$ cat run-v1.pdb   # PDB, C-alpha atoms and all ligand atoms
ATOM      1  CA  MET Y   1       0.000   0.000   0.000  1.00  0.00           C
ATOM      2  CA  HIS Y   2       1.661   3.199  -1.056  1.00  0.00           C
ATOM      3  CA  ASN Y   3      -1.187   5.443  -2.003  1.00  0.00           C
ATOM      4  CA  GLU Y   4      -2.991   7.767   0.359  1.00  0.00           C
ATOM      5  CA  TRP Y   5      -6.065   9.898  -0.011  1.00  0.00           C
ATOM      6  CA  THR Y   6      -5.222  12.915  -2.151  1.00  0.00           C
ATOM      7  CA  THR Y   7      -7.113  15.594  -0.334  1.00  0.00           C
ATOM      8  CA  ARG Y   8      -8.573  18.649  -1.986  1.00  0.00           C
ATOM      9  CA  GLN Y   9     -10.167  21.456  -0.086  1.00  0.00           C
ATOM     10  CA  GLY Y  10     -13.862  21.258   0.733  1.00  0.00           C
ATOM     11  CA  LEU Y  11     -14.276  17.616  -0.167  1.00  0.00           C
ATOM     12  CA  MET Y  12     -17.682  16.472  -1.289  1.00  0.00           C
ATOM     13  CA  LYS Y  13     -17.083  13.050  -2.738  1.00  0.00           C
ATOM     14  CA  LYS Y  14     -14.650  10.292  -1.902  1.00  0.00           C
ATOM     15  CA  ILE Y  15     -13.648   7.951  -4.683  1.00  0.00           C
ATOM     16  CA  ALA Y  16     -11.582   4.784  -4.288  1.00  0.00           C
ATOM     17  CA  LEU Y  17      -9.918   3.444  -7.435  1.00  0.00           C
ATOM     18  CA  PHE Y  18      -9.144  -0.269  -7.242  1.00  0.00           C
ATOM     19  CA  MET Y  19      -6.664  -1.283  -9.927  1.00  0.00           C
ATOM     20  CA  ALA Y  20      -6.374  -5.071 -10.023  1.00  0.00           C
ATOM     21  CA  SER Y  21      -3.675  -5.694 -12.617  1.00  0.00           C
ATOM     22  CA  GLY Y  22      -0.060  -6.401 -11.747  1.00  0.00           C
ATOM     23  CA  ARG Y  23       0.969  -4.609 -14.952  1.00  0.00           C
ATOM     24  CA  PRO Y  24       1.737  -0.972 -14.107  1.00  0.00           C
ATOM     25  CA  SER Y  25       1.237   0.043 -17.750  1.00  0.00           C
ATOM     26  CA  GLY Y  26      -1.532  -2.421 -18.602  1.00  0.00           C
ATOM     27  CA  TYR Y  27      -5.037  -1.592 -19.724  1.00  0.00           C
ATOM     28  CA  SER Y  28      -6.600  -1.540 -16.254  1.00  0.00           C
ATOM     29  CA  SER Y  29      -3.899   0.886 -15.202  1.00  0.00           C
ATOM     30  CA  GLN Y  30      -4.469   3.088 -18.240  1.00  0.00           C
ATOM     31  CA  ALA Y  31      -8.219   3.122 -17.537  1.00  0.00           C
ATOM     32  CA  THR Y  32      -7.560   4.141 -13.932  1.00  0.00           C
ATOM     33  CA  ARG Y  33      -5.261   6.916 -15.119  1.00  0.00           C
ATOM     34  CA  ILE Y  34      -8.005   8.309 -17.375  1.00  0.00           C
ATOM     35  CA  ILE Y  35     -10.413   8.454 -14.438  1.00  0.00           C
ATOM     36  CA  LYS Y  36      -7.797  10.214 -12.306  1.00  0.00           C
ATOM     37  CA  GLU Y  37      -7.108  12.775 -15.037  1.00  0.00           C
ATOM     38  CA  ILE Y  38     -10.787  13.551 -15.495  1.00  0.00           C
ATOM     39  CA  ALA Y  39     -11.263  13.745 -11.720  1.00  0.00           C
ATOM     40  CA  SER Y  40      -8.436  16.267 -11.397  1.00  0.00           C
ATOM     41  CA  ALA Y  41     -10.010  18.424 -14.119  1.00  0.00           C
ATOM     42  CA  CYS Y  42     -13.440  18.098 -12.543  1.00  0.00           C
ATOM     43  CA  ALA Y  43     -15.094  21.148 -11.020  1.00  0.00           C
ATOM     44  CA  SER Y  44     -16.603  19.306  -8.069  1.00  0.00           C
ATOM     45  CA  GLN Y  45     -14.497  18.587  -5.015  1.00  0.00           C
ATOM     46  CA  ILE Y  46     -13.153  15.075  -4.983  1.00  0.00           C
ATOM     47  CA  GLU Y  47     -10.962  13.035  -2.709  1.00  0.00           C
ATOM     48  CA  LEU Y  48      -9.244  10.166  -4.502  1.00  0.00           C
ATOM     49  CA  VAL Y  49      -7.348   7.127  -3.348  1.00  0.00           C
ATOM     50  CA  GLN Y  50      -5.882   4.408  -5.548  1.00  0.00           C
ATOM     51  CA  ILE Y  51      -5.355   0.856  -4.377  1.00  0.00           C
ATOM     52  CA  ASN Y  52      -3.210  -1.327  -6.606  1.00  0.00           C
ATOM     53  CA  THR Y  53      -4.486  -4.661  -5.358  1.00  0.00           C
ATOM     54  CA  TYR Y  54      -1.490  -6.588  -6.732  1.00  0.00           C
ATOM     55  CA  ASN Y  55       0.748  -4.606  -4.355  1.00  0.00           C
ATOM     56  CA  THR Y  56      -1.391  -5.199  -1.286  1.00  0.00           C
ATOM     57  CA  LYS Y  57      -0.653  -7.736   1.385  1.00  0.00           C
ATOM     58  CA  VAL Y  58      -3.957  -9.391   2.232  1.00  0.00           C
ATOM     59  CA  ARG Y  59      -4.153 -12.761   3.935  1.00  0.00           C
ATOM     60  CA  HIS Y  60      -6.640 -15.215   2.515  1.00  0.00           C
ATOM     61  CA  CYS Y  61      -9.883 -15.623   4.457  1.00  0.00           C
ATOM     62  CA  SER Y  62      -9.560 -18.828   6.484  1.00  0.00           C
ATOM     63  CA  GLY Y  63     -13.325 -19.283   6.805  1.00  0.00           C
ATOM     64  CA  CYS Y  64     -13.039 -19.469  10.603  1.00  0.00           C
ATOM     65  CA  GLU Y  65     -16.315 -17.510  10.881  1.00  0.00           C
ATOM     66  CA  ILE Y  66     -15.204 -15.760  14.060  1.00  0.00           C
ATOM     67  CA  CYS Y  67     -16.266 -12.508  12.370  1.00  0.00           C
ATOM     68  CA  LYS Y  68     -19.830 -13.824  12.502  1.00  0.00           C
ATOM     69  CA  ASP Y  69     -19.827 -13.289  16.263  1.00  0.00           C
ATOM     70  CA  THR Y  70     -17.336 -10.482  16.663  1.00  0.00           C
ATOM     71  CA  GLY Y  71     -17.740  -8.471  13.466  1.00  0.00           C
ATOM     72  CA  GLU Y  72     -13.945  -8.394  13.287  1.00  0.00           C
ATOM     73  CA  CYS Y  73     -11.493 -10.451  11.276  1.00  0.00           C
ATOM     74  CA  VAL Y  74      -8.986 -12.413  13.347  1.00  0.00           C
ATOM     75  CA  PHE Y  75      -6.222 -11.172  11.028  1.00  0.00           C
ATOM     76  CA  ASN Y  76      -5.164  -7.660  11.969  1.00  0.00           C
ATOM     77  CA  ASP Y  77      -1.623  -7.551  10.672  1.00  0.00           C
ATOM     78  CA  ASP Y  78      -2.040  -6.903   6.956  1.00  0.00           C
ATOM     79  CA  ASP Y  79      -3.331  -4.210   4.568  1.00  0.00           C
ATOM     80  CA  MET Y  80      -6.966  -5.155   4.998  1.00  0.00           C
ATOM     81  CA  GLN Y  81      -7.510  -2.822   7.967  1.00  0.00           C
ATOM     82  CA  LYS Y  82      -6.492   0.114   5.771  1.00  0.00           C
ATOM     83  CA  ILE Y  83      -8.565  -1.166   2.836  1.00  0.00           C
ATOM     84  CA  CYS Y  84     -11.626  -1.605   5.084  1.00  0.00           C
ATOM     85  CA  LYS Y  85     -11.279   1.979   6.289  1.00  0.00           C
ATOM     86  CA  ILE Y  86     -11.162   3.151   2.673  1.00  0.00           C
ATOM     87  CA  LEU Y  87     -14.165   0.988   1.756  1.00  0.00           C
ATOM     88  CA  GLU Y  88     -16.141   2.248   4.744  1.00  0.00           C
ATOM     89  CA  GLU Y  89     -15.409   5.904   4.031  1.00  0.00           C
ATOM     90  CA  THR Y  90     -15.654   5.966   0.260  1.00  0.00           C
ATOM     91  CA  ASP Y  91     -18.755   7.113  -1.587  1.00  0.00           C
ATOM     92  CA  VAL Y  92     -17.755   5.583  -4.908  1.00  0.00           C
ATOM     93  CA  ALA Y  93     -15.535   2.620  -5.764  1.00  0.00           C
ATOM     94  CA  VAL Y  94     -14.241   2.109  -9.295  1.00  0.00           C
ATOM     95  CA  ILE Y  95     -12.745  -1.300  -9.992  1.00  0.00           C
ATOM     96  CA  SER Y  96     -10.552  -1.695 -13.078  1.00  0.00           C
ATOM     97  CA  THR Y  97      -9.496  -5.266 -13.613  1.00  0.00           C
ATOM     98  CA  PRO Y  98      -8.292  -7.871 -16.051  1.00  0.00           C
ATOM     99  CA  VAL Y  99     -10.217 -11.136 -16.406  1.00  0.00           C
ATOM    100  CA  TYR Y 100      -8.186 -14.094 -15.141  1.00  0.00           C
ATOM    101  CA  TYR Y 101      -9.633 -17.491 -15.974  1.00  0.00           C
ATOM    102  CA  SER Y 102     -13.041 -15.884 -16.392  1.00  0.00           C
ATOM    103  CA  SER Y 103     -12.815 -14.530 -12.844  1.00  0.00           C
ATOM    104  CA  ALA Y 104     -11.212 -11.786 -10.763  1.00  0.00           C
ATOM    105  CA  PRO Y 105      -7.428 -11.855 -10.293  1.00  0.00           C
ATOM    106  CA  GLY Y 106      -6.400 -13.411  -6.981  1.00  0.00           C
ATOM    107  CA  SER Y 107      -5.458 -10.124  -5.307  1.00  0.00           C
ATOM    108  CA  LEU Y 108      -8.936  -8.692  -5.881  1.00  0.00           C
ATOM    109  CA  LYS Y 109     -10.653 -11.932  -4.887  1.00  0.00           C
ATOM    110  CA  ALA Y 110      -8.618 -12.006  -1.657  1.00  0.00           C
ATOM    111  CA  ILE Y 111      -9.990  -8.557  -0.767  1.00  0.00           C
ATOM    112  CA  LEU Y 112     -13.545  -9.626  -1.616  1.00  0.00           C
ATOM    113  CA  ASP Y 113     -13.272 -12.692   0.629  1.00  0.00           C
ATOM    114  CA  ARG Y 114     -12.011 -10.555   3.486  1.00  0.00           C
ATOM    115  CA  THR Y 115     -15.123  -8.347   3.349  1.00  0.00           C
ATOM    116  CA  GLN Y 116     -16.931 -11.264   5.003  1.00  0.00           C
ATOM    117  CA  PRO Y 117     -17.266  -9.439   8.381  1.00  0.00           C
ATOM    118  CA  TYR Y 118     -19.581  -6.970   6.593  1.00  0.00           C
ATOM    119  CA  PHE Y 119     -21.665  -9.866   5.284  1.00  0.00           C
ATOM    120  CA  TYR Y 120     -22.516 -10.721   8.876  1.00  0.00           C
ATOM    121  CA  HIS Y 121     -22.517  -7.158  10.214  1.00  0.00           C
ATOM    122  CA  PRO Y 122     -23.742  -4.827   7.452  1.00  0.00           C
ATOM    123  CA  LEU Y 123     -22.664  -1.211   7.321  1.00  0.00           C
ATOM    124  CA  LYS Y 124     -25.441   1.197   8.253  1.00  0.00           C
ATOM    125  CA  ASN Y 125     -24.914   3.775   5.549  1.00  0.00           C
ATOM    126  CA  GLU Y 126     -28.537   4.081   4.477  1.00  0.00           C
ATOM    127  CA  PRO Y 127     -29.733   6.001   2.515  1.00  0.00           C
ATOM    128  CA  ASP Y 128     -26.311   6.968   1.144  1.00  0.00           C
ATOM    129  CA  LYS Y 129     -25.462   3.637  -0.380  1.00  0.00           C
ATOM    130  CA  LYS Y 130     -22.027   3.214  -1.860  1.00  0.00           C
ATOM    131  CA  ILE Y 131     -21.799   3.246  -5.620  1.00  0.00           C
ATOM    132  CA  PHE Y 132     -19.612   0.767  -7.488  1.00  0.00           C
ATOM    133  CA  TYR Y 133     -18.396   0.980 -11.078  1.00  0.00           C
ATOM    134  CA  LEU Y 134     -16.595  -1.789 -12.901  1.00  0.00           C
ATOM    135  CA  ILE Y 135     -14.277  -1.819 -15.898  1.00  0.00           C
ATOM    136  CA  GLN Y 136     -12.979  -5.202 -17.055  1.00  0.00           C
ATOM    137  CA  PHE Y 137     -10.575  -6.290 -19.780  1.00  0.00           C
ATOM    138  CA  GLY Y 138     -10.344  -9.757 -21.306  1.00  0.00           C
ATOM    139  CA  GLY Y 139      -7.632 -10.865 -23.693  1.00  0.00           C
ATOM    140  CA  SER Y 140      -9.681 -13.427 -25.618  1.00  0.00           C
ATOM    141  CA  ARG Y 141     -12.198 -12.798 -28.315  1.00  0.00           C
ATOM    142  CA  PRO Y 142     -15.722 -12.805 -26.829  1.00  0.00           C
ATOM    143  CA  TYR Y 143     -16.833 -16.164 -25.444  1.00  0.00           C
ATOM    144  CA  PRO Y 144     -19.853 -17.088 -23.295  1.00  0.00           C
ATOM    145  CA  ALA Y 145     -19.612 -15.891 -19.698  1.00  0.00           C
ATOM    146  CA  GLN Y 146     -16.273 -14.125 -20.303  1.00  0.00           C
ATOM    147  CA  PHE Y 147     -17.466 -11.099 -18.338  1.00  0.00           C
ATOM    148  CA  GLU Y 148     -20.126 -12.627 -16.097  1.00  0.00           C
ATOM    149  CA  THR Y 149     -18.198 -13.760 -13.045  1.00  0.00           C
ATOM    150  CA  ILE Y 150     -16.455 -10.535 -12.002  1.00  0.00           C
ATOM    151  CA  PRO Y 151     -19.684  -8.460 -11.926  1.00  0.00           C
ATOM    152  CA  GLN Y 152     -21.227 -11.206  -9.810  1.00  0.00           C
ATOM    153  CA  GLN Y 153     -18.233 -11.181  -7.454  1.00  0.00           C
ATOM    154  CA  MET Y 154     -18.159  -7.383  -7.250  1.00  0.00           C
ATOM    155  CA  LEU Y 155     -21.898  -7.353  -6.603  1.00  0.00           C
ATOM    156  CA  HIS Y 156     -21.207  -9.487  -3.534  1.00  0.00           C
ATOM    157  CA  MET Y 157     -18.558  -6.987  -2.450  1.00  0.00           C
ATOM    158  CA  ALA Y 158     -20.906  -4.040  -3.083  1.00  0.00           C
ATOM    159  CA  ARG Y 159     -23.696  -5.707  -1.108  1.00  0.00           C
ATOM    160  CA  ASN Y 160     -21.349  -6.546   1.759  1.00  0.00           C
ATOM    161  CA  LEU Y 161     -20.638  -2.816   1.945  1.00  0.00           C
ATOM    162  CA  ASN Y 162     -24.258  -1.769   1.560  1.00  0.00           C
ATOM    163  CA  GLY Y 163     -23.659  -0.593  -1.973  1.00  0.00           C
ATOM    164  CA  TYR Y 164     -24.695  -1.429  -5.492  1.00  0.00           C
ATOM    165  CA  ILE Y 165     -23.163  -1.532  -8.959  1.00  0.00           C
ATOM    166  CA  VAL Y 166     -24.319   1.312 -11.154  1.00  0.00           C
ATOM    167  CA  ALA Y 167     -22.547   0.546 -14.401  1.00  0.00           C
ATOM    168  CA  GLU Y 168     -19.948  -1.657 -15.962  1.00  0.00           C
ATOM    169  CA  LEU Y 169     -17.812  -1.622 -19.069  1.00  0.00           C
ATOM    170  CA  SER Y 170     -16.304  -4.786 -20.534  1.00  0.00           C
ATOM    171  CA  PHE Y 171     -13.690  -4.942 -23.273  1.00  0.00           C
ATOM    172  CA  PRO Y 172     -12.814  -8.265 -24.949  1.00  0.00           C
ATOM    173  CA  ALA Y 173      -9.996  -9.142 -27.357  1.00  0.00           C
ATOM    174  CA  THR Y 174      -7.291  -7.030 -25.726  1.00  0.00           C
ATOM    175  CA  ASP Y 175      -4.777  -9.575 -27.100  1.00  0.00           C
ATOM    176  CA  GLN Y 176      -5.366  -7.845 -30.443  1.00  0.00           C
ATOM    177  CA  TRP Y 177      -4.435  -4.417 -29.046  1.00  0.00           C
ATOM    178  CA  ASP Y 178      -0.945  -2.893 -29.249  1.00  0.00           C
ATOM    179  CA  GLY Y 179      -0.432  -2.058 -25.553  1.00  0.00           C
ATOM    180  CA  THR Y 180      -2.276   1.242 -25.631  1.00  0.00           C
ATOM    181  CA  LEU Y 181      -6.020   1.593 -25.162  1.00  0.00           C
ATOM    182  CA  PRO Y 182      -7.618   2.076 -28.603  1.00  0.00           C
ATOM    183  CA  ALA Y 183      -8.923   5.631 -29.059  1.00  0.00           C
ATOM    184  CA  GLN Y 184     -12.525   4.477 -29.116  1.00  0.00           C
ATOM    185  CA  VAL Y 185     -12.051   2.590 -25.828  1.00  0.00           C
ATOM    186  CA  SER Y 186     -10.374   5.611 -24.193  1.00  0.00           C
ATOM    187  CA  SER Y 187     -13.311   7.784 -25.259  1.00  0.00           C
ATOM    188  CA  GLN Y 188     -15.761   5.319 -23.770  1.00  0.00           C
ATOM    189  CA  ILE Y 189     -13.848   5.300 -20.481  1.00  0.00           C
ATOM    190  CA  GLU Y 190     -13.645   9.113 -20.485  1.00  0.00           C
ATOM    191  CA  GLU Y 191     -17.400   9.294 -20.965  1.00  0.00           C
ATOM    192  CA  PHE Y 192     -17.863   6.703 -18.217  1.00  0.00           C
ATOM    193  CA  ALA Y 193     -15.615   8.756 -15.902  1.00  0.00           C
ATOM    194  CA  ARG Y 194     -17.510  11.964 -16.574  1.00  0.00           C
ATOM    195  CA  THR Y 195     -20.783  10.224 -15.765  1.00  0.00           C
ATOM    196  CA  LEU Y 196     -19.516   8.675 -12.567  1.00  0.00           C
ATOM    197  CA  LEU Y 197     -17.935  11.925 -11.378  1.00  0.00           C
ATOM    198  CA  GLN Y 198     -21.208  13.752 -11.860  1.00  0.00           C
ATOM    199  CA  GLU Y 199     -23.252  11.100 -10.061  1.00  0.00           C
ATOM    200  CA  PRO Y 200     -24.649  12.718  -6.891  1.00  0.00           C
ATOM    201  CA  VAL Y 201     -23.740  11.018  -3.623  1.00  0.00           C
TER     202      VAL Y 201
HETATM  203  C1  LIG X 301      -3.370 -15.618 -15.545  1.00  0.00           C
HETATM  204  C2  LIG X 301      -4.147 -15.023 -16.682  1.00  0.00           C
HETATM  205  C3  LIG X 301      -5.398 -15.536 -16.970  1.00  0.00           C
HETATM  206  C4  LIG X 301      -6.154 -14.966 -17.992  1.00  0.00           C
HETATM  207  N1  LIG X 301      -7.402 -15.465 -18.233  1.00  0.00           N
HETATM  208  C5  LIG X 301      -8.181 -14.892 -19.166  1.00  0.00           C
HETATM  209  C6  LIG X 301      -9.501 -15.367 -19.390  1.00  0.00           C
HETATM  210  O1  LIG X 301      -9.981 -16.292 -18.766  1.00  0.00           O
HETATM  211  N2  LIG X 301     -10.263 -14.723 -20.324  1.00  0.00           N
HETATM  212  C7  LIG X 301      -9.795 -13.676 -21.057  1.00  0.00           C
HETATM  213  O2  LIG X 301     -10.525 -13.139 -21.892  1.00  0.00           O
HETATM  214  N3  LIG X 301      -8.520 -13.212 -20.869  1.00  0.00           N
HETATM  215  C8  LIG X 301      -7.724 -13.788 -19.945  1.00  0.00           C
HETATM  216  N4  LIG X 301      -6.444 -13.305 -19.707  1.00  0.00           N
HETATM  217  C9  LIG X 301      -5.975 -12.140 -20.485  1.00  0.00           C
HETATM  218  C10 LIG X 301      -6.144 -10.817 -19.724  1.00  0.00           C
HETATM  219  O3  LIG X 301      -7.463 -10.674 -19.246  1.00  0.00           O
HETATM  220  C11 LIG X 301      -5.851  -9.647 -20.681  1.00  0.00           C
HETATM  221  O4  LIG X 301      -4.523  -9.740 -21.124  1.00  0.00           O
HETATM  222  C12 LIG X 301      -6.115  -8.295 -20.020  1.00  0.00           C
HETATM  223  O5  LIG X 301      -6.243  -7.331 -21.040  1.00  0.00           O
HETATM  224  C13 LIG X 301      -4.991  -7.870 -19.112  1.00  0.00           C
HETATM  225  O6  LIG X 301      -5.339  -6.650 -18.495  1.00  0.00           O
HETATM  226  P1  LIG X 301      -4.242  -5.627 -17.942  1.00  0.00           P
HETATM  227  O7  LIG X 301      -3.572  -5.049 -19.167  1.00  0.00           O
HETATM  228  O8  LIG X 301      -5.012  -4.618 -17.196  1.00  0.00           O
HETATM  229  O9  LIG X 301      -3.292  -6.414 -17.103  1.00  0.00           O
HETATM  230  C14 LIG X 301      -5.642 -13.880 -18.735  1.00  0.00           C
HETATM  231  C15 LIG X 301      -4.369 -13.391 -18.441  1.00  0.00           C
HETATM  232  C16 LIG X 301      -3.624 -13.955 -17.433  1.00  0.00           C
HETATM  233  C17 LIG X 301      -2.257 -13.386 -17.121  1.00  0.00           C
END
$ encode --input "run-v1.pdb" --output "structure tokens"
Amino acid sequence: MHNEWTTRQGLMKKIALFMASGRPSGYSSQATRIIKEIASACASQIELVQINTYNTKVRHCSGCEICKDTGECVFNDDDMQKICKILEETDVAVISTPVYYSSAPGSLKAILDRTQPYFYHPLKNEPDKKIFYLIQFGGSRPYPAQFETIPQQMLHMARNLNGYIVAELSFPATDQWDGTLPAQVSSQIEEFARTLLQEPV
């Protein structure tokens, strides 16, 4: 964990950017950068934090279910305490991720599994539910269910945090790309970012 909230005066909206690729210059990273650029040019006051999940140290949920009684995870010596604080405080979470074996990469799945305490002890952030956005990239040409699992997984995460997914973008066939987001894809992500930054919280 090396990123902190970037605070701007008079904050109105907190946005957490989860970047789930281990490739610092990959497509998920480029998508996250676009959102950051648009956020910094945005008139409204925004507080941003980026979490590169590949760089986080998060123990795997052991399924001990102690959190069912206590509301707390027995592990308290990794990055999850900091991530939980971010997840609790944020208004909006944007998850940019590659598809790995038709699912979320392990580092993102590890974080999802560790939100289990919230499954048993829901956050009470009604009516201001957290808003989740998802951008996913798959290398293969389109195939059935290529982009179905991650939204399902992230919906579990959103629900554990008393939130919901507002919108998702999915891009197949990135193996055909040259390392840079195609212009048309960048435009779509820019449009997506403008929409999500205008969304009232
Ligand atoms: C371990 C691994 C598993 C992958 N599994 C899939 C897959 O099941 N379906 C798919 O479409 N692409 C798969 N890919 C390709 C990545 O999703 C694709 O290269 C993606 O664009 C990488 O995103 P990034 O540039 O943000 O890292 C896999 C790549 C890796 C490294």
$ residues_near_ligand --input "run-v1.pdb" --ligand "ligand LIG 301 (chain X)" --cutoff "12 Å" --atoms "only C-alpha atoms and all ligand atoms" --output "ChimeraX atom specification"
/Y:18-33,52-54,95-107,135-150,170-181
$ axis_aligned_box --input "run-v1.pdb" --around "segment 23-31 of chain Y" --padding-each-side "4 Å" --output "JSON"
{"center_x": -3.2, "center_y": -0.7, "center_z": -16.9, "size_x": 18.0, "size_y": 15.7, "size_z": 13.6}
$ closest_residue --input "run-v1.pdb" --among "Y:Lys85, Y:His60, Y:Lys124, Y:Arg194" --to "Arg159 of chain Y" --atoms "all atoms listed in the file"
Y:Lys124
$ closest_residue --input "run-v1.pdb" --among "Y:Ala41, Y:Ile35, Y:Thr115, Y:Glu191" --to "Leu87 of chain Y" --atoms "all atoms listed in the file"
Y:Thr115
$ atom_distance --input "run-v1.pdb" --atom1 "atom CA of His156 of chain Y" --atom2 "atom CA of Tyr118 of chain Y"
10.6 Å
$ closest_residue --input "run-v1.pdb" --among "Y:Ala39, Y:Ile111, Y:Met154, Y:Cys67" --to "Val166 of chain Y" --atoms "only C-alpha atoms"
Y:Met154
$ atom_distance --input "run-v1.pdb" --atom1 "atom CA of Leu134 of chain Y" --atom2 "atom CA of Leu112 of chain Y"
14.1 Å
$ residues_around --input "run-v1.pdb" --residues "Arg59 of chain Y" --least-positions-apart "6" --cutoff "9 Å" --atoms "all atoms listed in the file" --output "VMD selection string"
chain Y and resid 75 77 to 80 110 to 111 114
$ write_last_selection --input "run-v1.pdb" --atoms "C-alpha atoms" --output "compact mmCIF listing (two decimals), keeping the file's coordinate frame"
# COMPACT_ATOMS: atom_id res chain seq x y z
CA PHE Y 75 -6.22 -11.17 11.03
CA ASP Y 77 -1.62 -7.55 10.67
CA ASP Y 78 -2.04 -6.90 6.96
CA ASP Y 79 -3.33 -4.21 4.57
CA MET Y 80 -6.97 -5.16 5.00
CA ALA Y 110 -8.62 -12.01 -1.66
CA ILE Y 111 -9.99 -8.56 -0.77
CA ARG Y 114 -12.01 -10.56 3.49
$ closest_residue --input "run-v1.pdb" --among "Y:Leu123, Y:Cys84, Y:Ile38, Y:Ile131" --to "Gly163 of chain Y" --atoms "only C-alpha atoms"
Y:Ile131
$ resolve_selection --input "run-v1.pdb" --expression "the PyMOL selection byres (((chain Y and resi 126) around 12) and not hetatm)" --output "ChimeraX atom specification"
/Y:91,122-125,127-130,161-163,201
$ atom_distance --input "run-v1.pdb" --atom1 "atom CA of Ile83 of chain Y" --atom2 "atom CA of Ser186 of chain Y"
27.9 Å
$ closest_residue --input "run-v1.pdb" --among "Y:Val185, Y:Ala93, Y:Cys61, Y:Leu197" --to "Ile46 of chain Y" --atoms "only C-alpha atoms"
Y:Leu197
$ closest_residue --input "run-v1.pdb" --among "Y:Lys13, Y:Tyr133, Y:Pro117, Y:Glu89" --to "Cys64 of chain Y" --atoms "all atoms listed in the file"
Y:Pro117
$ resolve_selection --input "run-v1.pdb" --expression "the PyMOL selection byres (((chain Y and resi 71) around 10) and not hetatm)" --output "ChimeraX atom specification"
/Y:65-70,72-74,116-122
$ write_last_selection --input "run-v1.pdb" --atoms "C-alpha atoms" --output "PDB file, keeping the file's coordinate frame"
ATOM      1  CA  GLU Y  65     -16.315 -17.510  10.881  1.00  0.00           C
ATOM      2  CA  ILE Y  66     -15.204 -15.760  14.060  1.00  0.00           C
ATOM      3  CA  CYS Y  67     -16.266 -12.508  12.370  1.00  0.00           C
ATOM      4  CA  LYS Y  68     -19.830 -13.824  12.502  1.00  0.00           C
ATOM      5  CA  ASP Y  69     -19.827 -13.289  16.263  1.00  0.00           C
ATOM      6  CA  THR Y  70     -17.336 -10.482  16.663  1.00  0.00           C
ATOM      7  CA  GLU Y  72     -13.945  -8.394  13.287  1.00  0.00           C
ATOM      8  CA  CYS Y  73     -11.493 -10.451  11.276  1.00  0.00           C
ATOM      9  CA  VAL Y  74      -8.986 -12.413  13.347  1.00  0.00           C
ATOM     10  CA  GLN Y 116     -16.931 -11.264   5.003  1.00  0.00           C
ATOM     11  CA  PRO Y 117     -17.266  -9.439   8.381  1.00  0.00           C
ATOM     12  CA  TYR Y 118     -19.581  -6.970   6.593  1.00  0.00           C
ATOM     13  CA  PHE Y 119     -21.665  -9.866   5.284  1.00  0.00           C
ATOM     14  CA  TYR Y 120     -22.516 -10.721   8.876  1.00  0.00           C
ATOM     15  CA  HIS Y 121     -22.517  -7.158  10.214  1.00  0.00           C
ATOM     16  CA  PRO Y 122     -23.742  -4.827   7.452  1.00  0.00           C
TER      17      PRO Y 122
END
$ build_atoms --input "run-v1.pdb" --residues "segment 28-39 of chain Y" --atoms "N, CA and C atoms" --output "compact mmCIF listing (two decimals), in the coordinates of the input"
# COMPACT_ATOMS: atom_id res chain seq x y z
N SER Y 28 -5.87 -1.95 -17.47
CA SER Y 28 -6.60 -1.54 -16.25
C SER Y 28 -5.96 -0.29 -15.65
N SER Y 29 -4.64 -0.27 -15.71
CA SER Y 29 -3.90 0.89 -15.20
C SER Y 29 -4.18 2.13 -16.04
N GLN Y 30 -4.19 1.95 -17.35
CA GLN Y 30 -4.47 3.09 -18.24
C GLN Y 30 -5.89 3.61 -18.00
N ALA Y 31 -6.83 2.70 -17.79
CA ALA Y 31 -8.22 3.12 -17.54
C ALA Y 31 -8.29 3.92 -16.23
N THR Y 32 -7.56 3.45 -15.23
CA THR Y 32 -7.56 4.14 -13.93
C THR Y 32 -6.96 5.54 -14.08
N ARG Y 33 -5.90 5.62 -14.90
CA ARG Y 33 -5.26 6.92 -15.12
C ARG Y 33 -6.24 7.90 -15.76
N ILE Y 34 -7.03 7.43 -16.71
CA ILE Y 34 -8.01 8.31 -17.38
C ILE Y 34 -8.98 8.87 -16.33
N ILE Y 35 -9.44 8.00 -15.46
CA ILE Y 35 -10.41 8.45 -14.44
C ILE Y 35 -9.76 9.49 -13.53
N LYS Y 36 -8.49 9.25 -13.17
CA LYS Y 36 -7.80 10.21 -12.31
C LYS Y 36 -7.64 11.56 -13.00
N GLU Y 37 -7.30 11.52 -14.29
CA GLU Y 37 -7.11 12.78 -15.04
C GLU Y 37 -8.41 13.56 -15.11
N ILE Y 38 -9.49 12.85 -15.38
CA ILE Y 38 -10.79 13.55 -15.50
C ILE Y 38 -11.21 14.07 -14.13
N ALA Y 39 -10.91 13.29 -13.08
CA ALA Y 39 -11.26 13.74 -11.72
C ALA Y 39 -10.50 15.02 -11.37
